[in-house]
Amino acid sequence: NSLTVEGEMMHHRFIIGLVALGLAITLTPNAPIHLEIKPKEVVPKVVEIPDLSLDQLPVSWQKLAMCESSGRLNAVSGKRKQFQGLFQIEYPRTWVAHGGSKTKPPKDSTLLEQFWVALHIYADRGYKPWPYCGKFLKEEYGR
């Protein structure tokens with residue numbers, strides 16, 4: 001008798017689980033089970049991610065940033081002011097091609113955003129985008 005009770009509890013848990021997943025269930029004796037998927041309403045949630053500070057970066061990236069921009073997030077250089085931010089990323093071509101915003105240049109981006117794009121540039125091209133200062137990455141990672 002306990003096996004029947006346990007089996008029935010499992011059956012109820014299964015049905016409750018399906019209902020929790022948003023599935024409508026129609027059970028008729030001796031008939032196939034009919035499942036209907038009901039779309040759930042998804043409410044977007046904005047999550048605030050705290051920014052990094054320069055001293056939280058790996059040492060080789062801190063050295064690169066100090067060499068490229070003296071540690072200034074909003075640094076700008078180049079004839080056309082195309083090298084921007086902490087890592088002097090070329091804007092817009094290199095920045096956008098590696099995940100940076102089309103409308104928010106490096107000089108206006110957070111350290112976390114700039115570091116994220118710089119990591120993608122490094123994964124794609126190694127230290128070469130930083131002809132002189134890239135030596136710090138080359139020493140650390142050999143690439």
# chains A, B, ... in the order shown; residues from 1 in each chain; ligands from 1
$ residues_around --residues "region 119-122 of chain A" --least-positions-apart "3" --cutoff "12 Å" --atoms "only C-alpha atoms" --output "PyMOL selection string"
chain A and resi 57-58+61+64+87-90+93-100+111-116+125-130+134+137-138+141-143
$ closest_residue --among "A:Ser53, A:Thr103, A:Ser60, A:Ser70" --to "Leu86 (chain A)" --atoms "only C-alpha atoms"
A:Ser70
$ atom_distance --atom1 "CA of Pro105 (chain A)" --atom2 "CA of Phe83 (chain A)"
9.9 Å
$ residues_around --residues "Cys133 (chain A)" --least-positions-apart "6" --cutoff "9 Å" --atoms "only C-alpha atoms" --output "JSON, numbers by chain"
{"A": [63, 64, 65, 66, 67, 68, 127]}
$ write_last_selection --atoms "C-alpha atoms" --output "mmCIF file, in the first residue's frame"
data_model
loop_
_atom_site.group_PDB
_atom_site.id
_atom_site.type_symbol
_atom_site.label_atom_id
_atom_site.label_comp_id
_atom_site.auth_asym_id
_atom_site.auth_seq_id
_atom_site.Cartn_x
_atom_site.Cartn_y
_atom_site.Cartn_z
ATOM 1 C CA LYS A 63 50.913 48.439 -16.427
ATOM 2 C CA LEU A 64 49.410 48.561 -19.925
ATOM 3 C CA ALA A 65 46.859 51.158 -18.784
ATOM 4 C CA MET A 66 49.495 53.302 -17.079
ATOM 5 C CA CYS A 67 51.718 53.120 -20.161
ATOM 6 C CA GLU A 68 48.922 53.880 -22.645
ATOM 7 C CA TYR A 127 49.440 42.359 -27.716
#
$ atom_distance --atom1 "CA of Gln56 (chain A)" --atom2 "CA of Asp124 (chain A)"
22.9 Å
$ select_by_dssp --residues "region 17-133 of chain A" --states "strand (DSSP E or B)" --output "list in words"
Leu23, Ala24, Ile25, Thr26, His34, Leu35, Glu36, Ile37, Val76, Ser77, Phe83, Gln84, Ile89 and Glu90 of chain A
$ select_by_dssp --residues "region 40-137 of chain A" --states "alpha helix (DSSP H)" --output "JSON, numbers by chain"
{"A": [59, 60, 61, 62, 63, 64, 65, 66, 67, 68, 69, 93, 94, 95, 96, 97, 111, 112, 113, 114, 115, 116, 117, 118, 119, 120, 121, 122, 123, 124, 125, 135, 136, 137]}
$ decode --residues "region 114-129 of chain A" --atoms "all heavy atoms" --output "JSON list (two decimals), in the first residue's frame"
[["chain", "number", "residue", "atom", "x", "y", "z"],
["A", 114, "GLN", "N", 35.60, 49.11, -20.78],
["A", 114, "GLN", "CA", 36.85, 49.22, -21.53],
["A", 114, "GLN", "C", 37.70, 47.96, -21.38],
["A", 114, "GLN", "O", 38.28, 47.47, -22.37],
["A", 114, "GLN", "CB", 37.65, 50.45, -21.06],
["A", 114, "GLN", "CG", 36.99, 51.76, -21.43],
["A", 114, "GLN", "CD", 37.84, 52.96, -21.05],
["A", 114, "GLN", "OE1", 39.07, 52.92, -21.15],
["A", 114, "GLN", "NE2", 37.20, 54.04, -20.61],
["A", 115, "PHE", "N", 37.77, 47.41, -20.19],
["A", 115, "PHE", "CA", 38.54, 46.20, -19.97],
["A", 115, "PHE", "C", 37.94, 45.02, -20.72],
["A", 115, "PHE", "O", 38.65, 44.23, -21.33],
["A", 115, "PHE", "CB", 38.64, 45.91, -18.47],
["A", 115, "PHE", "CG", 39.51, 44.73, -18.12],
["A", 115, "PHE", "CD1", 40.80, 44.62, -18.60],
["A", 115, "PHE", "CD2", 39.02, 43.73, -17.29],
["A", 115, "PHE", "CE1", 41.61, 43.53, -18.26],
["A", 115, "PHE", "CE2", 39.82, 42.64, -16.95],
["A", 115, "PHE", "CZ", 41.11, 42.54, -17.44],
["A", 116, "TRP", "N", 36.63, 44.93, -20.72],
["A", 116, "TRP", "CA", 35.92, 43.85, -21.44],
["A", 116, "TRP", "C", 36.28, 43.88, -22.92],
["A", 116, "TRP", "O", 36.61, 42.86, -23.51],
["A", 116, "TRP", "CB", 34.42, 44.00, -21.22],
["A", 116, "TRP", "CG", 33.60, 42.87, -21.73],
["A", 116, "TRP", "CD1", 33.29, 41.71, -21.10],
["A", 116, "TRP", "CD2", 32.98, 42.80, -23.02],
["A", 116, "TRP", "NE1", 32.52, 40.92, -21.91],
["A", 116, "TRP", "CE2", 32.30, 41.55, -23.09],
["A", 116, "TRP", "CE3", 32.92, 43.64, -24.11],
["A", 116, "TRP", "CZ2", 31.59, 41.16, -24.21],
["A", 116, "TRP", "CZ3", 32.20, 43.24, -25.23],
["A", 116, "TRP", "CH2", 31.54, 42.01, -25.27],
["A", 117, "VAL", "N", 36.22, 45.07, -23.53],
["A", 117, "VAL", "CA", 36.56, 45.19, -24.95],
["A", 117, "VAL", "C", 38.05, 44.91, -25.16],
["A", 117, "VAL", "O", 38.43, 44.20, -26.10],
["A", 117, "VAL", "CB", 36.18, 46.59, -25.51],
["A", 117, "VAL", "CG1", 36.69, 46.79, -26.92],
["A", 117, "VAL", "CG2", 34.65, 46.77, -25.46],
["A", 118, "ALA", "N", 38.90, 45.43, -24.28],
["A", 118, "ALA", "CA", 40.35, 45.19, -24.40],
["A", 118, "ALA", "C", 40.67, 43.69, -24.33],
["A", 118, "ALA", "O", 41.53, 43.19, -25.07],
["A", 118, "ALA", "CB", 41.11, 45.95, -23.31],
["A", 119, "LEU", "N", 39.98, 42.96, -23.48],
["A", 119, "LEU", "CA", 40.18, 41.51, -23.39],
["A", 119, "LEU", "C", 39.81, 40.82, -24.70],
["A", 119, "LEU", "O", 40.49, 39.90, -25.15],
["A", 119, "LEU", "CB", 39.37, 40.91, -22.24],
["A", 119, "LEU", "CG", 39.89, 41.16, -20.84],
["A", 119, "LEU", "CD1", 38.88, 40.69, -19.80],
["A", 119, "LEU", "CD2", 41.23, 40.48, -20.62],
["A", 120, "HIS", "N", 38.73, 41.28, -25.32],
["A", 120, "HIS", "CA", 38.32, 40.71, -26.61],
["A", 120, "HIS", "C", 39.33, 41.04, -27.71],
["A", 120, "HIS", "O", 39.63, 40.20, -28.55],
["A", 120, "HIS", "CB", 36.91, 41.19, -26.99],
["A", 120, "HIS", "CG", 35.85, 40.47, -26.23],
["A", 120, "HIS", "ND1", 35.49, 40.82, -24.96],
["A", 120, "HIS", "CD2", 35.08, 39.41, -26.56],
["A", 120, "HIS", "CE1", 34.55, 40.01, -24.54],
["A", 120, "HIS", "NE2", 34.29, 39.13, -25.48],
["A", 121, "ILE", "N", 39.86, 42.24, -27.67],
["A", 121, "ILE", "CA", 40.90, 42.62, -28.63],
["A", 121, "ILE", "C", 42.12, 41.73, -28.43],
["A", 121, "ILE", "O", 42.68, 41.19, -29.38],
["A", 121, "ILE", "CB", 41.29, 44.11, -28.48],
["A", 121, "ILE", "CG1", 40.10, 45.00, -28.88],
["A", 121, "ILE", "CG2", 42.53, 44.45, -29.30],
["A", 121, "ILE", "CD1", 40.27, 46.46, -28.49],
["A", 122, "TYR", "N", 42.52, 41.55, -27.17],
["A", 122, "TYR", "CA", 43.69, 40.72, -26.87],
["A", 122, "TYR", "C", 43.46, 39.26, -27.30],
["A", 122, "TYR", "O", 44.35, 38.64, -27.87],
["A", 122, "TYR", "CB", 44.03, 40.79, -25.38],
["A", 122, "TYR", "CG", 45.24, 39.96, -25.05],
["A", 122, "TYR", "CD1", 46.52, 40.42, -25.36],
["A", 122, "TYR", "CD2", 45.11, 38.71, -24.48],
["A", 122, "TYR", "CE1", 47.64, 39.64, -25.09],
["A", 122, "TYR", "CE2", 46.22, 37.92, -24.21],
["A", 122, "TYR", "CZ", 47.48, 38.40, -24.52],
["A", 122, "TYR", "OH", 48.58, 37.62, -24.27],
["A", 123, "ALA", "N", 42.27, 38.74, -27.05],
["A", 123, "ALA", "CA", 41.96, 37.36, -27.45],
["A", 123, "ALA", "C", 42.03, 37.21, -28.97],
["A", 123, "ALA", "O", 42.44, 36.17, -29.48],
["A", 123, "ALA", "CB", 40.57, 36.97, -26.94],
["A", 124, "ASP", "N", 41.67, 38.26, -29.68],
["A", 124, "ASP", "CA", 41.65, 38.23, -31.14],
["A", 124, "ASP", "C", 43.03, 38.50, -31.75],
["A", 124, "ASP", "O", 43.45, 37.83, -32.69],
["A", 124, "ASP", "CB", 40.64, 39.27, -31.64],
["A", 124, "ASP", "CG", 40.45, 39.26, -33.14],
["A", 124, "ASP", "OD1", 40.51, 38.18, -33.76],
["A", 124, "ASP", "OD2", 40.24, 40.35, -33.71],
["A", 125, "ARG", "N", 43.75, 39.49, -31.20],
["A", 125, "ARG", "CA", 44.98, 39.96, -31.87],
["A", 125, "ARG", "C", 46.23, 39.94, -31.01],
["A", 125, "ARG", "O", 47.29, 40.40, -31.44],
["A", 125, "ARG", "CB", 44.73, 41.37, -32.38],
["A", 125, "ARG", "CG", 43.60, 41.40, -33.43],
["A", 125, "ARG", "CD", 43.20, 42.76, -33.91],
["A", 125, "ARG", "NE", 44.29, 43.58, -34.33],
["A", 125, "ARG", "CZ", 44.22, 44.91, -34.40],
["A", 125, "ARG", "NH1", 43.11, 45.53, -34.10],
["A", 125, "ARG", "NH2", 45.26, 45.61, -34.78],
["A", 126, "GLY", "N", 46.12, 39.45, -29.77],
["A", 126, "GLY", "CA", 47.29, 39.44, -28.90],
["A", 126, "GLY", "C", 47.68, 40.85, -28.48],
["A", 126, "GLY", "O", 46.85, 41.75, -28.43],
["A", 127, "TYR", "N", 48.96, 41.05, -28.20],
["A", 127, "TYR", "CA", 49.44, 42.36, -27.72],
["A", 127, "TYR", "C", 49.67, 43.36, -28.85],
["A", 127, "TYR", "O", 49.94, 44.53, -28.60],
["A", 127, "TYR", "CB", 50.74, 42.17, -26.91],
["A", 127, "TYR", "CG", 51.92, 41.73, -27.76],
["A", 127, "TYR", "CD1", 52.76, 42.66, -28.35],
["A", 127, "TYR", "CD2", 52.16, 40.38, -28.00],
["A", 127, "TYR", "CE1", 53.82, 42.26, -29.15],
["A", 127, "TYR", "CE2", 53.22, 39.97, -28.79],
["A", 127, "TYR", "CZ", 54.04, 40.91, -29.37],
["A", 127, "TYR", "OH", 55.08, 40.51, -30.16],
["A", 128, "LYS", "N", 49.57, 42.94, -30.11],
["A", 128, "LYS", "CA", 49.92, 43.78, -31.26],
["A", 128, "LYS", "C", 49.18, 45.11, -31.37],
["A", 128, "LYS", "O", 49.76, 46.08, -31.85],
["A", 128, "LYS", "CB", 49.77, 42.97, -32.54],
["A", 128, "LYS", "CG", 50.79, 41.86, -32.63],
["A", 128, "LYS", "CD", 50.61, 41.03, -33.88],
["A", 128, "LYS", "CE", 51.65, 39.94, -33.93],
["A", 128, "LYS", "NZ", 51.15, 38.64, -33.64],
["A", 129, "PRO", "N", 47.93, 45.23, -30.93],
["A", 129, "PRO", "CA", 47.27, 46.55, -31.00],
["A", 129, "PRO", "C", 47.93, 47.61, -30.12],
["A", 129, "PRO", "O", 47.65, 48.79, -30.26],
["A", 129, "PRO", "CB", 45.84, 46.26, -30.53],
["A", 129, "PRO", "CG", 45.64, 44.82, -30.84],
["A", 129, "PRO", "CD", 46.98, 44.18, -30.59]]
